[in-house]
Each structure stands twice: as structure tokens, then as C-alpha cells.
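Engineer: Okay, so here is work.cif, and as you'll see once you scroll down, it has mmCIF, C-alpha atoms and all ligand atoms.
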data_my_file
#
loop_
_atom_site.label_atom_id
_atom_site.label_comp_id
_atom_site.auth_asym_id
_atom_site.auth_seq_id
_atom_site.Cartn_x
_atom_site.Cartn_y
_atom_site.Cartn_z
CA MET A 21 7.48 -4.53 12.58
CA LYS A 22 7.69 -7.47 10.23
CA ARG A 23 9.87 -7.31 7.20
CA ILE A 24 9.00 -8.50 3.72
CA LYS A 25 11.87 -10.30 2.10
CA ALA A 26 10.77 -9.57 -1.46
CA ILE A 27 12.37 -6.77 -3.41
CA TRP A 28 9.51 -4.84 -4.91
CA SER A 29 10.88 -3.90 -8.28
CA GLY A 30 13.12 -6.95 -8.56
CA ALA A 31 11.21 -8.34 -11.54
CA VAL A 32 12.39 -5.57 -13.86
CA ALA A 33 15.13 -6.82 -16.18
CA ALA A 34 17.06 -3.56 -16.53
CA ILE A 35 17.04 -3.05 -12.79
CA LEU A 36 18.52 0.04 -11.21
CA LEU A 37 19.84 -0.63 -7.74
CA SER A 38 18.66 2.82 -6.69
CA SER A 39 15.08 1.79 -7.43
CA ILE A 40 14.95 -1.31 -5.25
CA ALA A 41 12.80 -1.12 -2.16
CA SER A 42 11.89 -3.36 0.71
CA GLY A 43 8.62 -3.29 2.58
CA ALA A 44 7.79 -3.44 6.26
CA ILE A 45 4.40 -4.56 7.53
CA PHE A 46 2.83 -2.77 10.49
CA PRO A 47 -0.13 -4.59 12.06
CA GLY A 48 -3.13 -2.54 13.12
CA THR A 49 -4.38 -2.30 16.69
CA GLY A 50 -7.84 -1.32 17.85
CA THR A 51 -9.80 -3.52 15.44
CA GLY A 52 -13.40 -4.40 16.32
CA ALA A 53 -16.97 -3.45 15.50
CA ILE A 54 -17.74 -0.47 13.28
CA PRO A 55 -20.52 1.29 15.22
CA ASP A 56 -23.70 1.63 13.16
CA SER A 57 -25.23 4.93 12.15
CA LEU A 58 -28.11 5.81 14.48
CA GLN A 59 -29.95 8.10 12.11
CA GLU A 60 -30.19 8.19 8.34
CA GLY A 61 -29.11 11.41 6.73
CA PRO A 62 -26.10 13.43 5.65
CA ALA A 63 -23.24 13.41 8.15
CA ASN A 64 -25.06 11.06 10.56
CA TYR A 65 -22.15 8.68 10.83
CA GLY A 66 -21.85 6.24 13.68
CA THR A 67 -18.82 6.63 15.97
CA PRO A 68 -15.81 5.85 13.74
CA LEU A 69 -13.72 2.75 14.34
CA ILE A 70 -10.11 3.90 14.38
CA VAL A 71 -7.38 1.33 13.81
CA SER A 72 -3.81 2.46 14.58
CA PHE A 73 -0.47 1.48 13.05
CA ASP A 74 2.72 2.17 14.96
CA VAL A 75 5.09 2.92 12.08
CA ASN A 76 8.74 2.94 13.12
CA GLY A 77 12.20 2.11 11.85
CA LEU A 78 11.76 3.52 8.33
CA THR A 79 15.19 4.48 6.95
CA GLY A 80 14.17 6.16 3.68
CA ASN A 81 11.42 8.14 2.03
CA ILE A 82 8.20 6.25 1.29
CA GLN A 83 8.39 4.67 -2.15
CA ASP A 84 5.21 2.59 -2.02
CA ILE A 85 2.34 1.91 0.36
CA SER A 86 -0.60 -0.46 0.66
CA VAL A 87 -3.15 -1.33 3.31
CA SER A 88 -5.08 -4.54 3.91
CA ILE A 89 -8.31 -4.91 5.89
CA THR A 90 -9.96 -8.14 7.00
CA MET A 91 -13.59 -7.26 7.57
CA ASN A 92 -17.25 -7.97 7.06
CA HIS A 93 -20.31 -5.81 6.48
CA PRO A 94 -23.68 -6.61 4.84
CA TYR A 95 -23.67 -3.43 2.69
CA ILE A 96 -20.53 -1.87 1.33
CA GLY A 97 -22.50 1.29 0.49
CA ASP A 98 -22.80 2.16 4.21
CA LEU A 99 -19.07 2.63 4.62
CA ASP A 100 -16.55 5.41 4.41
CA VAL A 101 -12.92 4.31 4.88
CA PHE A 102 -9.77 6.43 4.88
CA LEU A 103 -6.11 6.26 5.85
CA THR A 104 -4.47 9.16 7.69
CA SER A 105 -0.77 9.97 8.00
CA PRO A 106 0.78 10.95 11.39
CA PRO A 107 0.60 14.59 12.57
CA SER A 108 4.34 14.84 11.75
CA ALA A 109 3.40 14.25 8.11
CA GLY A 110 0.53 16.71 8.10
CA GLY A 111 -2.14 14.22 9.12
CA ASN A 112 -3.77 14.20 5.73
CA SER A 113 -6.47 11.65 4.96
CA PHE A 114 -6.79 9.62 1.78
CA THR A 115 -10.06 7.88 0.96
CA LEU A 116 -9.73 4.19 0.14
CA PHE A 117 -13.43 3.93 -0.70
CA SER A 118 -16.59 5.73 0.40
CA ARG A 119 -20.36 5.16 0.08
CA VAL A 120 -19.82 2.89 -2.91
CA GLY A 121 -22.53 3.21 -5.55
CA ALA A 122 -24.14 6.21 -3.87
CA LEU A 123 -26.03 8.45 -6.27
CA SER A 124 -27.48 10.53 -3.45
CA PHE A 125 -27.11 10.34 0.29
CA TYR A 126 -30.50 8.67 0.72
CA GLY A 127 -30.52 6.06 -1.94
CA HIS A 128 -29.02 3.64 -4.36
CA TYR A 129 -25.90 2.44 -2.58
CA SER A 130 -24.12 -0.71 -3.56
CA TYR A 131 -25.66 -3.84 -2.04
CA ALA A 132 -22.41 -5.78 -2.16
CA PRO A 133 -21.59 -7.47 1.14
CA LEU A 134 -18.01 -7.62 2.38
CA ASN A 135 -16.48 -10.67 3.98
CA GLY A 136 -12.79 -11.21 3.36
CA THR A 137 -9.37 -9.62 3.27
CA TYR A 138 -9.14 -6.63 0.97
CA GLN A 139 -5.85 -5.02 0.08
CA PHE A 140 -5.65 -1.55 -1.45
CA SER A 141 -2.64 -1.09 -3.67
CA ASP A 142 -1.62 0.84 -6.78
CA SER A 143 -0.37 -2.35 -8.37
CA ALA A 144 -3.79 -4.04 -8.15
CA TRP A 145 -5.82 -4.76 -11.28
CA ASN A 146 -9.23 -5.16 -9.68
CA LEU A 147 -11.40 -2.05 -9.56
CA TRP A 148 -13.14 -1.78 -6.21
CA ASN A 149 -16.07 0.40 -7.19
CA ALA A 150 -16.66 -1.41 -10.44
CA SER A 151 -16.56 -4.74 -8.61
CA ALA A 152 -19.09 -3.52 -6.07
CA ASP A 153 -21.18 -1.23 -8.28
CA ALA A 154 -24.79 -1.16 -7.17
CA GLU A 155 -26.69 -2.05 -10.33
CA ASN A 156 -24.07 -4.34 -11.79
CA TYR A 157 -23.65 -6.15 -8.54
CA TYR A 158 -27.35 -6.50 -7.87
CA TRP A 159 -28.40 -7.63 -11.31
CA ILE A 160 -25.47 -9.87 -12.08
CA SER A 161 -25.34 -11.42 -8.66
CA ASN A 162 -28.62 -11.04 -6.80
CA SER A 163 -27.61 -13.84 -4.48
CA LEU A 164 -25.34 -11.21 -2.93
CA ILE A 165 -22.10 -13.12 -2.72
CA PRO A 166 -19.50 -11.11 -0.77
CA LEU A 167 -16.97 -9.14 -2.75
CA SER A 168 -13.96 -11.41 -3.36
CA SER A 169 -10.89 -11.14 -1.19
CA GLY A 170 -7.92 -9.71 -3.06
CA ALA A 171 -6.07 -6.59 -4.09
CA TYR A 172 -8.00 -3.58 -5.36
CA ARG A 173 -7.39 -0.03 -6.48
CA THR A 174 -8.71 2.82 -4.35
CA SER A 175 -11.52 4.95 -5.77
CA ARG A 176 -13.37 8.18 -5.26
CA PRO A 177 -16.60 8.23 -3.26
CA GLY A 178 -20.00 7.75 -4.80
CA GLY A 179 -21.75 6.26 -7.80
CA ASP A 180 -20.66 5.50 -11.32
CA ALA A 181 -19.81 9.02 -12.40
CA LEU A 182 -17.51 9.74 -9.47
CA GLY A 183 -16.96 6.40 -7.80
CA GLY A 184 -15.79 4.76 -10.97
CA THR A 185 -12.84 7.15 -11.01
CA LEU A 186 -9.77 5.45 -9.68
CA THR A 187 -7.31 7.08 -7.34
CA THR A 188 -3.75 6.07 -6.57
CA PHE A 189 -1.46 6.36 -3.59
CA HIS A 190 1.23 7.72 -5.90
CA MET A 191 -0.83 10.47 -7.51
CA ASP A 192 -3.40 11.37 -4.89
CA SER A 193 -2.49 10.36 -1.36
CA GLY A 194 0.35 12.72 -0.48
CA PHE A 195 1.99 9.75 1.28
CA ILE A 196 4.63 8.91 -1.32
CA GLY A 197 7.95 10.61 -0.61
CA LEU A 198 7.29 11.30 3.08
CA THR A 199 10.62 11.30 4.95
CA PRO A 200 11.33 8.96 7.87
CA SER A 201 10.86 11.79 10.38
CA GLN A 202 7.46 12.52 8.85
CA ALA A 203 6.34 8.96 8.31
CA ASN A 204 7.53 7.28 11.52
CA GLY A 205 4.62 7.73 13.91
CA THR A 206 1.02 6.67 14.35
CA TRP A 207 -0.99 6.16 11.18
CA THR A 208 -4.72 5.57 11.46
CA LEU A 209 -7.36 3.80 9.42
CA THR A 210 -10.84 5.21 9.99
CA LEU A 211 -13.97 3.22 9.16
CA ARG A 212 -17.36 4.80 9.66
CA ASP A 213 -20.90 3.72 8.88
CA GLY A 214 -23.31 6.26 7.42
CA ALA A 215 -26.56 4.27 7.13
CA THR A 216 -28.79 2.61 9.71
CA ALA A 217 -29.71 -1.04 10.31
CA ASP A 218 -26.61 -2.95 9.23
CA SER A 219 -23.19 -2.98 10.77
CA GLY A 220 -19.82 -4.62 10.29
CA PHE A 221 -16.62 -5.72 11.97
CA VAL A 222 -12.88 -5.45 11.34
CA THR A 223 -10.84 -8.44 12.52
CA ALA A 224 -7.39 -7.39 11.24
CA ALA A 225 -5.61 -4.67 9.33
CA ALA A 226 -2.04 -4.09 8.20
CA LEU A 227 -0.15 -1.22 6.65
CA THR A 228 2.75 -2.03 4.34
CA ILE A 229 5.31 0.68 3.60
CA ALA A 230 8.23 0.26 1.20
CA VAL A 231 11.32 2.44 1.28
CA PRO A 232 14.47 2.30 -0.88
CA VAL A 233 17.09 -0.13 0.38
CA ARG A 234 19.67 1.95 2.24
CA GLY A 235 23.04 2.05 0.51
CA ALA A 236 21.70 0.83 -2.84
CA ALA A 237 21.94 4.21 -4.57
CA LEU A 238 25.51 4.69 -3.33
CA VAL A 239 26.52 1.21 -4.48
CA GLU A 240 25.03 1.93 -7.90
CA GLN A 241 27.10 5.09 -8.09
CA LEU A 242 30.31 3.31 -7.10
CA VAL A 243 29.65 0.26 -9.29
CA PRO A 244 27.76 1.49 -12.37
CA CYS A 245 25.82 -1.01 -14.45
CA PRO A 246 27.40 -0.06 -17.82
CA GLY A 247 30.97 -0.68 -16.64
CA PRO A 248 33.68 0.06 -14.05
CA ARG A 249 34.22 3.70 -13.11
CA SER A 250 37.80 3.32 -14.41
CA GLY A 251 36.31 2.89 -17.89
CA GLY A 252 35.31 0.18 -20.34
CA HIS A 253 32.69 -2.49 -19.86
CA TRP A 254 32.26 -5.39 -17.47
CA LYS A 255 33.82 -8.56 -18.88
CA ASN A 256 30.76 -10.49 -17.77
CA HIS A 257 27.92 -10.51 -15.24
CA GLY A 258 30.09 -12.28 -12.69
CA GLN A 259 32.65 -9.48 -12.69
CA TYR A 260 29.89 -6.93 -12.05
CA VAL A 261 28.39 -8.97 -9.21
CA SER A 262 31.82 -9.49 -7.70
CA ALA A 263 32.50 -5.72 -7.74
CA ILE A 264 29.13 -5.13 -6.09
CA GLY A 265 30.00 -7.72 -3.45
CA ASN A 266 33.26 -5.92 -2.60
CA VAL A 267 31.60 -2.53 -2.10
CA VAL A 268 28.69 -4.00 -0.20
CA GLY A 269 31.15 -5.85 2.04
CA GLU A 270 32.92 -2.60 2.85
CA LEU A 271 29.70 -0.78 3.70
CA LEU A 272 28.65 -3.69 5.85
CA SER A 273 31.94 -3.79 7.77
CA GLU A 274 31.67 -0.02 8.35
CA GLY A 275 28.22 -0.55 9.78
CA ALA A 276 26.68 1.72 7.13
CA ILE A 277 24.15 -0.94 6.12
CA THR A 278 22.66 -4.01 7.76
CA GLU A 279 23.21 -7.61 6.65
CA GLN A 280 19.68 -7.64 5.30
CA GLU A 281 20.30 -4.52 3.23
CA ALA A 282 23.56 -6.02 1.94
CA GLU A 283 21.70 -9.17 0.96
CA ASP A 284 18.98 -7.16 -0.82
CA ILE A 285 21.54 -5.21 -2.86
CA VAL A 286 23.52 -8.28 -3.88
CA GLU A 287 20.32 -10.13 -4.75
CA ALA A 288 19.21 -7.29 -7.01
CA ALA A 289 22.65 -7.16 -8.65
CA VAL A 290 22.51 -10.92 -9.31
CA LYS A 291 19.06 -10.54 -10.91
CA SER A 292 20.17 -7.62 -13.07
CA ASP A 293 21.42 -7.80 -16.65
CA CYS A 294 24.51 -5.74 -15.87
CA GLY A 295 27.63 -7.25 -17.48
CA LYS A 296 25.54 -9.54 -19.69
CA LYS A 297 26.23 -9.39 -23.41
CA CA A 301 -25.05 0.65 8.84
#
Could I get this file's structure written as C-alpha cells?
Ligand SMILES: [Ca+2]
Structural biologist:
Amino acid sequence: MKRIKAIWSGAVAAILLSSIASGAIFPGTGTGAIPDSLQEGPANYGTPLIVSFDVNGLTGNIQDISVSITMNHPYIGDLDVFLTSPPSAGGNSFTLFSRVGALSFYGHYSYAPLNGTYQFSDSAWNLWNASADAENYYWISNSLIPLSSGAYRTSRPGGDALGGTLTTFHMDSGFIGLTPSQANGTWTLTLRDGATADSGFVTAAALTIAVPVRGAALVEQLVPCPGPRSGGHWKNHGQYVSAIGNVVGELLSEGAITEQEAEDIVEAAVKSDCGKK
């Protein structure tokens, strides 16, 4: 497990300590070729490639999630890709993208090739299906340049009418809010190919899960942003940060939080507007 130093919601001016989260990255194992479909037709998928993520050490409920895939394939429209939670979390699957541009099973898929690193995240601006849409892609770019690496939103399967509809991890996946006992376990990314003649390869994948920083909500309760619990307002920002530092120091010495968590809380307090006139 590799930790991301950044505090996810740290850019918000009126920051609430209870909303800060830190992410952990879990690298995927079992990458390789995505076996081709052997026969055209509904449900004739090739053997799925299943990439696994050993998620462990989460200390809070899932606040945010994203997945990145480094891959290539000549035709995005062949593919069906979904992320599945561990059995302890119900093992539900959420489609990242599927048969992009498909208007029917037998025809009119997107021609867009893939060759890059693609991240699926709710905070992305790029629309995956729109970027790879069959007609748009073909007519605007008939040289068939691979879809650009970058962050994209997930989308429903199919052509314009359905596939243009965006989905989000927060609204649709069922992953947000999973508890540590549900979420710690083996997550899988399944990639399968539903059309003959062209096949692709996954070289790397990673799952990023953010949970609230442990202790932050308690610190916020003990050291409220508007002013000390004894009443009145903070004299200045420094007084607020100093009070935060005292409480964080106590929690740290009791072993209730780690040094990293202490650092995250203090950093968020420093960035906040609490105590500022
Ligand atoms: Ca294929």
C-alpha cells in the first residue's frame, strides 16, 4: 500500500477537518493480455482478464475512489470493463465503460484505439464516451489517434443515447461509504473483449481509495472552527492552529492517531480560514 500525501479536499477555503481524507493506492496484480472474443455475437466474450487489488489497512469508511488502467486496444468498442468490490462488501460490480458507441451488438462500435493510462474518477472533466464516440471519433479523427491519457468520468454502456449518460462512483457504484471491514479485501477489475479479430493488453492498474483522516472529526469537535468551546472567538488564526496542535499532540501521545494523521490534521488546520478575520 502506497500512501498519497495530498489531502483531497484541502483546497476548500472553509475547510471542515471532518471532511479531510487521505488516499491509499493499491497496485493491481494479474495484468496481461485481454483474451479476444472467439465468436461474434451476444455474450460471446473472450475469457475475462481479471486484475486484483489487495486492499488493506483502511481505517475509515470509503469517502472517494478512483481506478487507473494502463492499456492498449485497437478498438475501444470491443471492451467491457468493470470494478467489483470484495465479497465482504457484497461483491457488486460497477461498469467503468462498456461497448462504447454500440448501437446494436453487431455493429457501429467506437473505432477509437486505446493506448495510454486512463483514470476513472468523479472529479474528472473529460467524458469517456463522448471522447470515444463512434461517429464523432471517426469523422473528426479518421487517422485514429488513440484516446488521450488522462482522467475520465465513467459512463453507461452503449451508444449515444445510453453511453453518453455519465455515471459516478458516488451516486451509482455502491462503493462509497463501505466500512473498513467491508472494503478491506480483494477488489477486482474485469476486462473482457466481446468482438473478434482485435485484442488488447493491460500493463498496469491501480485502485485509489480515500478515507477520512482518523481523529480529524474528534479534533474538530474539541477545537471548533468558530471559537474555543469555552466561548468567544479565536483571537487569530495562530491561536486556533496552536489549540489544534495541543489536541493533536495528546491524541498522538495516546497512540490514538499516527504521526501521518497528526500531520494531515495540522496541515488542514493551517490551510483553513479558522481564526482569520
Ligand atoms: Ca476483440
Engineer: Please find the residues contacting ligand CA 301 (chain A) at a distance of at most 8 Å between atoms, with only C-alpha atoms and all ligand atoms counted, and report them as a list in words.
Structural biologist: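 Using only C-alpha atoms and all ligand atoms, everything at most 8 Å from ligand CA 301 (chain A) comes to Pro55, Asp56, Ser57, Tyr95, Asp98, Leu99, Asp213, Gly214, Ala215, Thr216, Ala217, Asp218, Ser219 and Gly220 of chain A.
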Engineer: I'd like the neighbourhood of Gly258 (chain A) as a PyMOL selection string, where a residue qualifies if any of its atoms comes within 12 Å (using all atoms listed in the file), though same-chain residues fewer than 5 positions away should be ignored.
Structural biologist: chain A and resi 263-265+286+289-297
Engineer: Set the distance at 12 Å and use only C-alpha atoms: which residues neighbour Asn112 (chain A) once local chain neighbours fewer than 2 positions away are removed? I'd like the list as a PyMOL selection string.
Structural biologist: chain A and resi 102-110+114-115+192-195+198+202-203+207-209
Engineer: Might you pull out every residue within 12 Å of His253 (chain A), with all atoms listed in the file counted and same-chain residues fewer than 4 positions away left off, and present them as a PDB file with C-alpha atoms, keeping the file's coordinate frame?
Structural biologist:
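Result file follows (out_4.pdb):
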ATOM      1  CA  VAL A 243      29.650   0.260  -9.290  1.00  0.00           C
ATOM      2  CA  PRO A 244      27.760   1.490 -12.370  1.00  0.00           C
ATOM      3  CA  CYS A 245      25.820  -1.010 -14.450  1.00  0.00           C
ATOM      4  CA  PRO A 246      27.400  -0.060 -17.820  1.00  0.00           C
ATOM      5  CA  GLY A 247      30.970  -0.680 -16.640  1.00  0.00           C
ATOM      6  CA  PRO A 248      33.680   0.060 -14.050  1.00  0.00           C
ATOM      7  CA  ARG A 249      34.220   3.700 -13.110  1.00  0.00           C
ATOM      8  CA  HIS A 257      27.920 -10.510 -15.240  1.00  0.00           C
ATOM      9  CA  GLN A 259      32.650  -9.480 -12.690  1.00  0.00           C
ATOM     10  CA  TYR A 260      29.890  -6.930 -12.050  1.00  0.00           C
ATOM     11  CA  CYS A 294      24.510  -5.740 -15.870  1.00  0.00           C
ATOM     12  CA  GLY A 295      27.630  -7.250 -17.480  1.00  0.00           C
ATOM     13  CA  LYS A 296      25.540  -9.540 -19.690  1.00  0.00           C
ATOM     14  CA  LYS A 297      26.230  -9.390 -23.410  1.00  0.00           C
TER      15      LYS A 297
END
Engineer: If you count all atoms listed in the file, which residues fall within 9 Å of Val71 (chain A), apart from same-chain ones fewer than 2 positions away, as a count of residues only?
Structural biologist: 13
